[in-house]
$ cat entry.cif   # mmCIF, C-alpha atoms
data_coords
#
loop_
_atom_site.group_PDB
_atom_site.id
_atom_site.type_symbol
_atom_site.label_atom_id
_atom_site.label_comp_id
_atom_site.auth_asym_id
_atom_site.auth_seq_id
_atom_site.Cartn_x
_atom_site.Cartn_y
_atom_site.Cartn_z
ATOM 1 C CA MET A 9 0.000 0.000 0.000
ATOM 2 C CA ASP A 10 1.241 3.476 -0.795
ATOM 3 C CA THR A 11 1.765 5.985 1.999
ATOM 4 C CA MET A 12 0.031 9.280 2.658
ATOM 5 C CA ARG A 13 3.056 11.115 1.333
ATOM 6 C CA ASP A 14 3.032 8.970 -1.821
ATOM 7 C CA ARG A 15 -0.418 10.426 -2.487
ATOM 8 C CA PHE A 16 0.632 14.012 -1.813
ATOM 9 C CA ALA A 17 2.414 14.948 -5.046
ATOM 10 C CA PRO A 18 -0.076 13.258 -7.419
ATOM 11 C CA VAL A 19 -3.066 14.861 -5.669
ATOM 12 C CA VAL A 20 -1.507 18.316 -5.537
ATOM 13 C CA SER A 21 -0.333 18.018 -9.148
ATOM 14 C CA ARG A 22 -3.953 17.408 -10.182
ATOM 15 C CA LEU A 23 -5.053 20.383 -8.087
ATOM 16 C CA LEU A 24 -2.484 22.547 -9.899
ATOM 17 C CA ASP A 25 -4.089 21.471 -13.179
ATOM 18 C CA GLU A 26 -7.626 22.071 -11.918
ATOM 19 C CA ASP A 27 -7.301 25.388 -10.066
ATOM 20 C CA PRO A 28 -5.193 28.347 -11.263
ATOM 21 C CA ARG A 29 -5.115 29.730 -7.714
ATOM 22 C CA VAL A 30 -3.182 26.738 -6.366
ATOM 23 C CA ALA A 31 0.586 26.974 -5.949
ATOM 24 C CA VAL A 32 3.001 24.640 -4.181
ATOM 25 C CA VAL A 33 6.045 25.866 -2.277
ATOM 26 C CA LEU A 34 8.837 23.408 -1.410
ATOM 27 C CA ALA A 35 12.156 23.485 0.410
ATOM 28 C CA GLU A 36 13.982 20.760 -1.542
ATOM 29 C CA ILE A 37 12.120 17.958 0.229
ATOM 30 C CA GLY A 38 9.561 16.424 -2.126
ATOM 31 C CA ARG A 39 10.667 18.313 -5.234
ATOM 32 C CA ASP A 40 11.129 15.186 -7.386
ATOM 33 C CA GLY A 41 7.434 14.402 -7.107
ATOM 34 C CA PHE A 42 6.598 17.686 -8.820
ATOM 35 C CA ALA A 43 9.005 17.453 -11.777
ATOM 36 C CA ASP A 44 6.213 17.004 -14.330
ATOM 37 C CA ALA A 45 3.926 19.558 -12.674
ATOM 38 C CA GLN A 46 6.744 22.098 -12.712
ATOM 39 C CA LEU A 47 7.066 21.708 -16.480
ATOM 40 C CA ARG A 48 3.341 22.418 -16.858
ATOM 41 C CA HIS A 49 3.144 25.175 -14.239
ATOM 42 C CA PRO A 50 6.643 26.634 -13.727
ATOM 43 C CA GLU A 51 5.281 29.780 -12.114
ATOM 44 C CA ARG A 52 3.259 27.825 -9.523
ATOM 45 C CA VAL A 53 5.742 25.139 -8.427
ATOM 46 C CA ILE A 54 8.341 26.982 -6.373
ATOM 47 C CA ASN A 55 11.367 25.451 -4.654
ATOM 48 C CA VAL A 56 13.082 27.904 -2.287
ATOM 49 C CA GLY A 57 15.925 25.569 -1.339
ATOM 50 C CA ILE A 58 16.805 24.703 2.251
ATOM 51 C CA ARG A 59 15.318 27.934 3.619
ATOM 52 C CA GLU A 60 12.365 27.033 5.804
ATOM 53 C CA GLN A 61 11.635 30.555 7.043
ATOM 54 C CA LEU A 62 11.504 31.707 3.419
ATOM 55 C CA LEU A 63 9.305 28.709 2.634
ATOM 56 C CA VAL A 64 6.527 30.028 4.880
ATOM 57 C CA GLY A 65 7.163 33.658 3.968
ATOM 58 C CA ALA A 66 6.892 32.878 0.251
ATOM 59 C CA GLY A 67 3.653 31.029 0.888
ATOM 60 C CA ALA A 68 2.261 34.032 2.754
ATOM 61 C CA GLY A 69 3.321 36.318 -0.061
ATOM 62 C CA LEU A 70 1.464 34.176 -2.567
ATOM 63 C CA ALA A 71 -1.603 34.235 -0.327
ATOM 64 C CA LEU A 72 -1.473 38.033 -0.218
ATOM 65 C CA THR A 73 -1.768 38.046 -4.025
ATOM 66 C CA GLY A 74 -4.885 35.869 -3.913
ATOM 67 C CA MET A 75 -3.244 32.486 -4.469
ATOM 68 C CA ARG A 76 -3.956 29.334 -2.463
ATOM 69 C CA PRO A 77 -0.450 28.141 -1.486
ATOM 70 C CA ILE A 78 0.333 24.585 -0.394
ATOM 71 C CA VAL A 79 3.537 24.597 1.667
ATOM 72 C CA HIS A 80 5.343 21.317 2.255
ATOM 73 C CA THR A 81 8.302 19.870 4.133
ATOM 74 C CA PHE A 82 9.010 17.728 7.202
ATOM 75 C CA ALA A 83 6.996 18.738 10.278
ATOM 76 C CA SER A 84 10.026 19.893 12.261
ATOM 77 C CA PHE A 85 11.009 22.234 9.402
ATOM 78 C CA LEU A 86 7.459 23.377 8.647
ATOM 79 C CA VAL A 87 6.029 24.190 12.079
ATOM 80 C CA GLU A 88 8.911 24.396 14.543
ATOM 81 C CA ARG A 89 11.817 26.004 12.695
ATOM 82 C CA PRO A 90 9.806 28.790 10.959
ATOM 83 C CA PHE A 91 7.236 29.223 13.737
ATOM 84 C CA GLU A 92 7.746 33.002 13.830
ATOM 85 C CA GLN A 93 6.834 33.186 10.154
ATOM 86 C CA VAL A 94 3.784 30.976 10.720
ATOM 87 C CA LYS A 95 2.731 33.319 13.535
ATOM 88 C CA LEU A 96 3.445 36.616 11.781
ATOM 89 C CA ASP A 97 3.425 36.101 8.021
ATOM 90 C CA LEU A 98 0.252 34.006 8.060
ATOM 91 C CA GLY A 99 -1.441 34.684 11.395
ATOM 92 C CA HIS A 100 -0.733 38.376 11.942
ATOM 93 C CA GLN A 101 -1.352 39.223 8.300
ATOM 94 C CA ASP A 102 -4.560 37.151 8.430
ATOM 95 C CA VAL A 103 -3.894 35.190 5.250
ATOM 96 C CA GLY A 104 -4.364 31.499 4.681
ATOM 97 C CA ALA A 105 -2.224 28.637 3.445
ATOM 98 C CA VAL A 106 -2.252 24.852 3.523
ATOM 99 C CA LEU A 107 0.744 23.539 5.460
ATOM 100 C CA VAL A 108 1.349 19.866 4.682
ATOM 101 C CA SER A 109 3.926 18.052 6.792
ATOM 102 C CA ALA A 110 5.664 14.708 6.571
ATOM 103 C CA ALA A 111 7.757 12.660 9.038
ATOM 104 C CA ALA A 112 5.217 13.126 11.816
ATOM 105 C CA SER A 113 6.412 12.568 15.409
ATOM 106 C CA PHE A 114 8.898 9.708 14.923
ATOM 107 C CA ASP A 115 8.188 8.499 11.375
ATOM 108 C CA TRP A 116 11.881 8.596 10.511
ATOM 109 C CA PRO A 117 13.598 7.463 13.715
ATOM 110 C CA ALA A 118 17.032 7.246 12.085
ATOM 111 C CA GLY A 119 16.817 10.964 11.338
ATOM 112 C CA GLY A 120 16.983 11.699 15.043
ATOM 113 C CA VAL A 121 15.311 14.432 17.034
ATOM 114 C CA THR A 122 16.037 17.056 14.354
ATOM 115 C CA HIS A 123 13.483 15.271 12.166
ATOM 116 C CA MET A 124 10.887 14.612 14.880
ATOM 117 C CA ALA A 125 8.065 16.991 15.795
ATOM 118 C CA PRO A 126 5.578 15.455 18.236
ATOM 119 C CA GLY A 127 4.805 18.954 19.527
ATOM 120 C CA ASP A 128 3.585 20.370 16.214
ATOM 121 C CA VAL A 129 -0.153 20.379 16.933
ATOM 122 C CA ALA A 130 0.397 21.697 20.467
ATOM 123 C CA LEU A 131 2.512 24.510 19.027
ATOM 124 C CA LEU A 132 -0.173 25.474 16.511
ATOM 125 C CA ASP A 133 -2.650 25.500 19.414
ATOM 126 C CA THR A 134 -0.916 28.660 20.644
ATOM 127 C CA LEU A 135 -2.227 30.423 17.527
ATOM 128 C CA ASP A 136 -5.772 31.322 16.554
ATOM 129 C CA GLY A 137 -7.862 30.033 13.719
ATOM 130 C CA TRP A 138 -6.040 26.911 12.498
ATOM 131 C CA THR A 139 -7.815 23.855 11.152
ATOM 132 C CA VAL A 140 -5.802 20.669 11.743
ATOM 133 C CA HIS A 141 -6.339 17.424 9.828
ATOM 134 C CA VAL A 142 -4.687 14.173 10.951
ATOM 135 C CA PRO A 143 -5.592 11.458 8.420
ATOM 136 C CA GLY A 144 -5.194 7.832 9.361
ATOM 137 C CA HIS A 145 -5.018 6.328 5.868
ATOM 138 C CA PRO A 146 -3.770 7.458 2.425
ATOM 139 C CA ASP A 147 -7.352 7.623 1.073
ATOM 140 C CA GLU A 148 -8.307 9.906 3.955
ATOM 141 C CA ALA A 149 -5.222 12.017 3.307
ATOM 142 C CA GLU A 150 -6.331 12.585 -0.283
ATOM 143 C CA THR A 151 -9.828 13.589 0.818
ATOM 144 C CA LEU A 152 -8.561 15.924 3.532
ATOM 145 C CA LEU A 153 -5.995 17.536 1.221
ATOM 146 C CA ARG A 154 -8.809 18.425 -1.137
ATOM 147 C CA HIS A 155 -10.883 19.745 1.772
ATOM 148 C CA ALA A 156 -7.951 21.868 2.886
ATOM 149 C CA VAL A 157 -7.311 23.445 -0.498
ATOM 150 C CA ALA A 158 -11.012 24.127 -1.002
ATOM 151 C CA ALA A 159 -11.331 25.824 2.405
ATOM 152 C CA GLY A 160 -11.392 29.369 1.028
ATOM 153 C CA ASP A 161 -8.519 31.305 2.529
ATOM 154 C CA ASP A 162 -8.375 29.406 5.816
ATOM 155 C CA LYS A 163 -5.184 28.415 7.616
ATOM 156 C CA VAL A 164 -5.001 24.610 7.482
ATOM 157 C CA TYR A 165 -2.422 22.095 8.676
ATOM 158 C CA VAL A 166 -2.466 18.572 7.200
ATOM 159 C CA ARG A 167 -0.313 16.114 9.142
ATOM 160 C CA LEU A 168 0.801 13.211 6.958
ATOM 161 C CA SER A 169 2.334 10.086 8.475
ATOM 162 C CA ILE A 170 3.894 6.801 7.415
ATOM 163 C CA GLN A 171 1.794 5.188 10.131
ATOM 164 C CA SER A 172 -1.577 4.104 8.784
ATOM 165 C CA ASN A 173 -4.680 2.146 9.661
ATOM 166 C CA THR A 174 -5.475 -0.901 7.528
ATOM 167 C CA GLU A 175 -8.644 0.579 6.059
ATOM 168 C CA ALA A 176 -9.943 4.032 5.253
ATOM 169 C CA ARG A 177 -12.982 5.472 7.009
ATOM 170 C CA PRO A 178 -15.418 8.097 5.743
ATOM 171 C CA VAL A 179 -14.095 11.557 6.631
ATOM 172 C CA ASP A 180 -15.720 14.919 6.090
ATOM 173 C CA GLY A 181 -13.097 17.393 7.288
ATOM 174 C CA ALA A 182 -15.118 18.363 10.350
ATOM 175 C CA ARG A 183 -16.652 15.753 12.640
ATOM 176 C CA PHE A 184 -15.568 12.865 14.835
ATOM 177 C CA HIS A 185 -17.163 9.576 13.761
ATOM 178 C CA THR A 186 -18.455 6.787 15.993
ATOM 179 C CA VAL A 187 -16.732 3.475 15.277
ATOM 180 C CA ARG A 188 -17.888 1.463 18.289
ATOM 181 C CA GLU A 189 -20.492 2.126 20.989
ATOM 182 C CA GLY A 190 -20.279 1.256 24.687
ATOM 183 C CA ARG A 191 -21.465 2.383 28.111
ATOM 184 C CA SER A 192 -18.345 2.642 30.265
ATOM 185 C CA GLY A 193 -16.307 5.460 28.778
ATOM 186 C CA VAL A 194 -15.286 7.187 25.556
ATOM 187 C CA VAL A 195 -11.987 6.716 23.735
ATOM 188 C CA VAL A 196 -11.069 9.241 21.043
ATOM 189 C CA ALA A 197 -8.599 7.714 18.565
ATOM 190 C CA VAL A 198 -6.811 10.268 16.398
ATOM 191 C CA GLY A 199 -5.724 9.407 12.860
ATOM 192 C CA PRO A 200 -3.307 6.448 12.649
ATOM 193 C CA MET A 201 -3.992 5.462 16.277
ATOM 194 C CA LEU A 202 -7.367 3.914 15.411
ATOM 195 C CA ASP A 203 -6.247 0.350 14.656
ATOM 196 C CA ASN A 204 -4.237 0.124 17.877
ATOM 197 C CA VAL A 205 -7.134 1.570 19.870
ATOM 198 C CA LEU A 206 -9.618 -0.893 18.378
ATOM 199 C CA ALA A 207 -7.300 -3.780 19.180
ATOM 200 C CA ALA A 208 -6.715 -2.452 22.689
ATOM 201 C CA THR A 209 -10.412 -1.968 23.478
ATOM 202 C CA GLU A 210 -11.693 -5.253 22.043
ATOM 203 C CA GLY A 211 -14.159 -6.595 24.612
ATOM 204 C CA LEU A 212 -14.208 -3.371 26.635
ATOM 205 C CA ASP A 213 -17.587 -1.668 26.968
ATOM 206 C CA VAL A 214 -16.441 1.692 25.590
ATOM 207 C CA THR A 215 -17.410 4.028 22.784
ATOM 208 C CA VAL A 216 -14.646 4.688 20.250
ATOM 209 C CA LEU A 217 -14.709 7.958 18.328
ATOM 210 C CA TYR A 218 -12.464 8.421 15.319
ATOM 211 C CA ALA A 219 -10.973 11.890 14.837
ATOM 212 C CA THR A 220 -9.197 12.991 11.665
ATOM 213 C CA THR A 221 -9.986 16.686 12.050
ATOM 214 C CA VAL A 222 -8.860 17.680 15.538
ATOM 215 C CA ARG A 223 -9.066 21.462 15.242
ATOM 216 C CA PRO A 224 -11.655 22.744 15.583
ATOM 217 C CA PHE A 225 -12.247 20.102 18.256
ATOM 218 C CA ASP A 226 -15.626 18.391 17.814
ATOM 219 C CA ALA A 227 -17.053 19.172 21.240
ATOM 220 C CA ASP A 228 -20.588 18.254 20.149
ATOM 221 C CA ALA A 229 -19.574 14.712 19.200
ATOM 222 C CA LEU A 230 -17.731 14.202 22.482
ATOM 223 C CA ARG A 231 -20.657 15.527 24.515
ATOM 224 C CA ALA A 232 -23.106 13.315 22.638
ATOM 225 C CA ALA A 233 -20.936 10.228 23.165
ATOM 226 C CA THR A 234 -20.494 10.866 26.882
ATOM 227 C CA GLY A 235 -24.248 11.237 27.259
ATOM 228 C CA ALA A 236 -24.614 7.508 26.642
ATOM 229 C CA ALA A 237 -21.202 6.157 27.646
ATOM 230 C CA GLY A 238 -20.368 8.233 30.701
ATOM 231 C CA THR A 239 -17.819 10.969 31.190
ATOM 232 C CA ASP A 240 -14.580 9.008 31.487
ATOM 233 C CA VAL A 241 -12.689 10.125 28.375
ATOM 234 C CA VAL A 242 -9.386 8.832 26.974
ATOM 235 C CA LEU A 243 -7.639 10.697 24.159
ATOM 236 C CA VAL A 244 -5.133 8.685 22.119
ATOM 237 C CA GLU A 245 -3.122 11.011 19.892
ATOM 238 C CA PRO A 246 -0.105 10.310 17.631
ATOM 239 C CA TYR A 247 1.644 13.441 18.884
ATOM 240 C CA LEU A 248 2.421 14.995 22.268
ATOM 241 C CA ALA A 249 0.398 13.389 25.064
ATOM 242 C CA GLY A 250 -2.229 15.736 26.470
ATOM 243 C CA THR A 251 -2.415 18.002 23.420
ATOM 244 C CA SER A 252 -6.225 17.877 23.377
ATOM 245 C CA THR A 253 -7.022 17.458 27.058
ATOM 246 C CA THR A 254 -7.862 21.159 27.439
ATOM 247 C CA ALA A 255 -10.264 20.970 24.500
ATOM 248 C CA ALA A 256 -11.939 17.887 25.994
ATOM 249 C CA ASN A 257 -12.170 19.521 29.415
ATOM 250 C CA ASP A 258 -13.730 22.621 27.866
ATOM 251 C CA ALA A 259 -16.266 20.472 26.009
ATOM 252 C CA LEU A 260 -17.361 18.849 29.291
ATOM 253 C CA ALA A 261 -16.914 21.849 31.574
ATOM 254 C CA ASP A 262 -20.474 21.765 32.903
ATOM 255 C CA VAL A 263 -20.475 18.079 33.928
ATOM 256 C CA PRO A 264 -18.251 16.034 36.254
ATOM 257 C CA HIS A 265 -15.731 14.168 34.118
ATOM 258 C CA ARG A 266 -12.262 12.633 33.934
ATOM 259 C CA VAL A 267 -9.855 12.914 31.006
ATOM 260 C CA LEU A 268 -6.718 10.858 30.314
ATOM 261 C CA GLY A 269 -4.403 12.045 27.556
ATOM 262 C CA LEU A 270 -2.219 9.401 25.907
ATOM 263 C CA GLY A 271 0.345 10.108 23.217
ATOM 264 C CA VAL A 272 4.035 10.743 22.680
ATOM 265 C CA GLY A 273 5.885 11.379 25.936
ATOM 266 C CA ARG A 274 8.031 14.436 26.574
ATOM 267 C CA ALA A 275 11.200 12.498 27.364
ATOM 268 C CA GLU A 276 13.556 12.366 24.389
ATOM 269 C CA LEU A 277 14.417 8.852 23.205
ATOM 270 C CA ARG A 278 18.021 8.997 22.067
ATOM 271 C CA ARG A 279 18.222 5.403 20.849
ATOM 272 C CA TYR A 280 16.153 5.975 17.789
ATOM 273 C CA GLY A 281 15.210 2.406 16.858
ATOM 274 C CA THR A 282 12.128 1.720 14.708
ATOM 275 C CA ILE A 283 8.614 3.146 14.562
ATOM 276 C CA THR A 284 7.293 0.038 16.316
ATOM 277 C CA GLU A 285 9.839 0.442 19.102
ATOM 278 C CA HIS A 286 8.863 4.081 19.539
ATOM 279 C CA LEU A 287 5.183 3.157 19.746
ATOM 280 C CA THR A 288 6.012 0.644 22.473
ATOM 281 C CA ALA A 289 8.274 3.080 24.339
ATOM 282 C CA HIS A 290 5.506 5.680 24.410
ATOM 283 C CA GLY A 291 2.830 3.177 25.465
ATOM 284 C CA LEU A 292 0.932 3.427 22.178
ATOM 285 C CA ASP A 293 1.029 -0.245 21.174
ATOM 286 C CA PRO A 294 -2.180 -2.274 21.700
ATOM 287 C CA GLN A 295 -0.984 -4.065 24.839
ATOM 288 C CA ALA A 296 0.065 -0.905 26.663
ATOM 289 C CA LEU A 297 -3.065 0.931 25.527
ATOM 290 C CA ARG A 298 -5.195 -1.951 26.823
ATOM 291 C CA GLU A 299 -3.640 -1.662 30.259
ATOM 292 C CA ARG A 300 -3.869 2.124 30.413
ATOM 293 C CA ILE A 301 -7.375 2.473 28.968
ATOM 294 C CA GLY A 302 -8.760 -0.512 30.874
ATOM 295 C CA GLY A 303 -7.278 0.724 34.135
ATOM 296 C CA PHE A 304 -8.743 4.193 33.645
ATOM 297 C CA VAL A 305 -12.292 3.392 32.591
ATOM 298 C CA GLY A 306 -12.379 0.458 34.994
ATOM 299 C CA GLY A 307 -11.621 2.810 37.875
#

$ encode --input "entry.cif" --output "C-alpha cells"
Amino acid sequence: MDTMRDRFAPVVSRLLDEDPRVAVVLAEIGRDGFADAQLRHPERVINVGIREQLLVGAGAGLALTGMRPIVHTFASFLVERPFEQVKLDLGHQDVGAVLVSAAASFDWPAGGVTHMAPGDVALLDTLDGWTVHVPGHPDEAETLLRHAVAAGDDKVYVRLSIQSNTEARPVDGARFHTVREGRSGVVVAVGPMLDNVLAATEGLDVTVLYATTVRPFDADALRAATGAAGTDVVLVEPYLAGTSTTAANDALADVPHRVLGLGVGRAELRRYGTITEHLTAHGLDPQALRERIGGFVGG
C-alpha cells in the first residue's frame, strides 16, 4: 500500500491542473514528485531551497496576491523552525495557506530528534484560527488535502504520516465519527492510532470515536458520546500526550468528568530504533493501551 506522502504529489499536481489559484512551495524535500507539474506550471511550483523561514514567507506572499499556497516539508522544518513566520506572516497578516507536513512525530527514527516533531499540533494550538487534519489512511489524506485546499482562505495544517490504519474510514473534514459504541467510557482515537485503539479496546464496553480533524475540536460529538457512555474520556493522539485534554475539558466543563491524555511522551528517546519500538516506548502499542485504557475506565 502506498503511503500518505506517496499520495501528496499526485493529488496536488492534479489540483495545480484544476485550479489556477493553487501553488506549491517546497524546500527541496519532495521536489522530485513535482518534476512534471513544474514543467506544466513553472510559475506555480516553487522550490526555495533549504530555507524554511523563506518557505513560509513565500507562501504568505502568494496568499497576499490571492493564491492558495500549499507549503510542504518535514513537520520539524514546517512548524517548529519557521514558527515566527507561521505566527506573523500568516497569522498576523490574516492570510491562509495549507501547510502539509511529513515525518510526523517519529516516522523517521534514524533521522533523530532534528526530524521529529511530536509537539507540532500543540505549538499550533498557541495560535488562533487553524484547522488541523490528521488522516489515518492514504485515502483519507487525499480527501482531507482536497478539503484543505477548497477551504477558502483558511489556515489549514495537514499532518501526513507513514503510520496508517489498515482501512480508510469516511471523513468529512469536520466531525468525529463513531466506530464502536459502549457504556463505560469514551476513547477518542486520532488518525493512525485507530487500529491500535480498536485492538486495545476489544471486549471493553467503551465508545470509540475516530478523529481525523482535531481542530476545531468536535465538542458536540464528544458531549453526545459521553451522554450515553459516561464521562470518562481517553484521548489517544499520535503526537504529544495531552495536546487535546484542554479541548476535551472545555467540552465537558459543565459536567463532572475525567480525562486521560495518551500520546508521545516528553522524554527524548536517544536510541532511535524503529517506529514500532517508539510506539512501544511511548505506550501506544495495543498491549500498553489496553492496560492504560482498561485501568482508567475500569476505575

$ residues_around --input "entry.cif" --residues "stretch 133-138 of chain A" --least-positions-apart "6" --cutoff "8 Å" --atoms "all atoms listed in the file" --output "PyMOL selection string"
chain A and resi 95+99+162-165+223-224

$ residues_around --input "entry.cif" --residues "stretch 81-84 of chain A" --least-positions-apart "5" --cutoff "6 Å" --atoms "all atoms listed in the file" --output "PDB file with C-alpha atoms, in the coordinates of the input"
ATOM      1  CA  ILE A  37      12.120  17.958   0.229  1.00  0.00           C
ATOM      2  CA  SER A 109       3.926  18.052   6.792  1.00  0.00           C
ATOM      3  CA  ALA A 110       5.664  14.708   6.571  1.00  0.00           C
ATOM      4  CA  ALA A 111       7.757  12.660   9.038  1.00  0.00           C
ATOM      5  CA  HIS A 123      13.483  15.271  12.166  1.00  0.00           C
ATOM      6  CA  MET A 124      10.887  14.612  14.880  1.00  0.00           C
ATOM      7  CA  ALA A 125       8.065  16.991  15.795  1.00  0.00           C
TER       8      ALA A 125
END

$ residues_around --input "entry.cif" --residues "A:His145" --least-positions-apart "4" --cutoff "6 Å" --atoms "all atoms listed in the file" --output "ChimeraX atom specification"
/A:172-173,176

$ residues_around --input "entry.cif" --residues "A:Ala207" --least-positions-apart "3" --cutoff "10 Å" --atoms "all atoms listed in the file" --output "ChimeraX atom specification"
/A:202-204,210-211,293-295,297-298

$ resolve_selection --input "entry.cif" --expression "the PyMOL selection byres ((chain A and resi 225) around 10)" --output "list in words"
Thr139, Val140, Ala182, Arg183, Phe184, Ala219, Thr221, Val222, Arg223, Pro224, Asp226, Ala227, Asp228, Ala229, Leu230, Ser252, Ala255, Ala256 and Ala259 of chain A

$ resolve_selection --input "entry.cif" --expression "the PyMOL selection byres ((chain A and resi 303) around 12)" --output "PyMOL selection string"
chain A and resi 192-193+208-209+212+240+242+268+296-302+304-307

$ closest_residue --input "entry.cif" --among "A:Gly69, A:Gly181, A:Pro77, A:Gly238" --to "A:His141" --atoms "only C-alpha atoms"
A:Gly181

$ resolve_selection --input "entry.cif" --expression "the PyMOL selection byres ((chain A and resi 44-48) around 12)" --output "number ranges by chain"
A: 17-26, 28, 30-34, 39-43, 49-55

$ residues_around --input "entry.cif" --residues "A:Gly273" --least-positions-apart "4" --cutoff "7 Å" --atoms "only C-alpha atoms" --output "list in words"
Leu248, Ala249 and His290 of chain A

$ atom_distance --input "entry.cif" --atom1 "atom CA of A:Leu98" --atom2 "atom CA of A:Ala68"
5.7 Å

$ closest_residue --input "entry.cif" --among "A:Arg231, A:Val241, A:Arg154, A:Ala159" --to "A:Val214" --atoms "all atoms listed in the file"
A:Val241

$ decode --input "entry.cif" --residues "stretch 139-146 of chain A" --atoms "all heavy atoms" --output "compact mmCIF listing (two decimals), in the first residue's frame"
# COMPACT_ATOMS: atom_id res chain seq x y z
N THR A 139 -7.19 25.16 11.31
CA THR A 139 -7.81 23.85 11.15
C THR A 139 -6.70 22.82 11.04
O THR A 139 -5.72 23.05 10.33
CB THR A 139 -8.69 23.81 9.89
OG1 THR A 139 -9.77 24.73 10.03
CG2 THR A 139 -9.23 22.42 9.64
N VAL A 140 -6.85 21.70 11.74
CA VAL A 140 -5.80 20.67 11.74
C VAL A 140 -6.42 19.33 11.37
O VAL A 140 -7.33 18.84 12.04
CB VAL A 140 -5.11 20.57 13.12
CG1 VAL A 140 -4.08 19.44 13.11
CG2 VAL A 140 -4.46 21.89 13.50
N HIS A 141 -5.91 18.75 10.28
CA HIS A 141 -6.34 17.42 9.83
C HIS A 141 -5.24 16.41 10.11
O HIS A 141 -4.06 16.65 9.81
CB HIS A 141 -6.60 17.43 8.32
CG HIS A 141 -7.70 18.34 7.87
ND1 HIS A 141 -8.96 18.34 8.44
CD2 HIS A 141 -7.73 19.29 6.89
CE1 HIS A 141 -9.72 19.24 7.82
NE2 HIS A 141 -8.99 19.82 6.88
N VAL A 142 -5.63 15.26 10.66
CA VAL A 142 -4.69 14.17 10.95
C VAL A 142 -5.24 12.89 10.35
O VAL A 142 -5.88 12.09 11.03
CB VAL A 142 -4.46 14.02 12.47
CG1 VAL A 142 -3.35 13.00 12.75
CG2 VAL A 142 -4.12 15.35 13.12
N PRO A 143 -5.05 12.67 9.05
CA PRO A 143 -5.59 11.46 8.42
C PRO A 143 -4.95 10.21 8.97
O PRO A 143 -3.80 10.21 9.43
CB PRO A 143 -5.26 11.66 6.93
CG PRO A 143 -4.11 12.62 6.91
CD PRO A 143 -4.32 13.52 8.10
N GLY A 144 -5.70 9.11 8.89
CA GLY A 144 -5.19 7.83 9.36
C GLY A 144 -4.99 6.81 8.26
O GLY A 144 -4.66 5.66 8.54
N HIS A 145 -5.15 7.24 7.01
CA HIS A 145 -5.02 6.33 5.87
C HIS A 145 -4.76 7.18 4.63
O HIS A 145 -5.24 8.33 4.55
CB HIS A 145 -6.32 5.52 5.71
CG HIS A 145 -6.27 4.46 4.66
ND1 HIS A 145 -6.47 4.71 3.32
CD2 HIS A 145 -6.04 3.11 4.75
CE1 HIS A 145 -6.37 3.59 2.64
NE2 HIS A 145 -6.12 2.60 3.49
N PRO A 146 -4.03 6.66 3.63
CA PRO A 146 -3.77 7.46 2.42
C PRO A 146 -5.03 7.96 1.73
O PRO A 146 -5.06 9.10 1.22
CB PRO A 146 -2.98 6.49 1.53
CG PRO A 146 -2.27 5.60 2.50
CD PRO A 146 -3.23 5.41 3.64
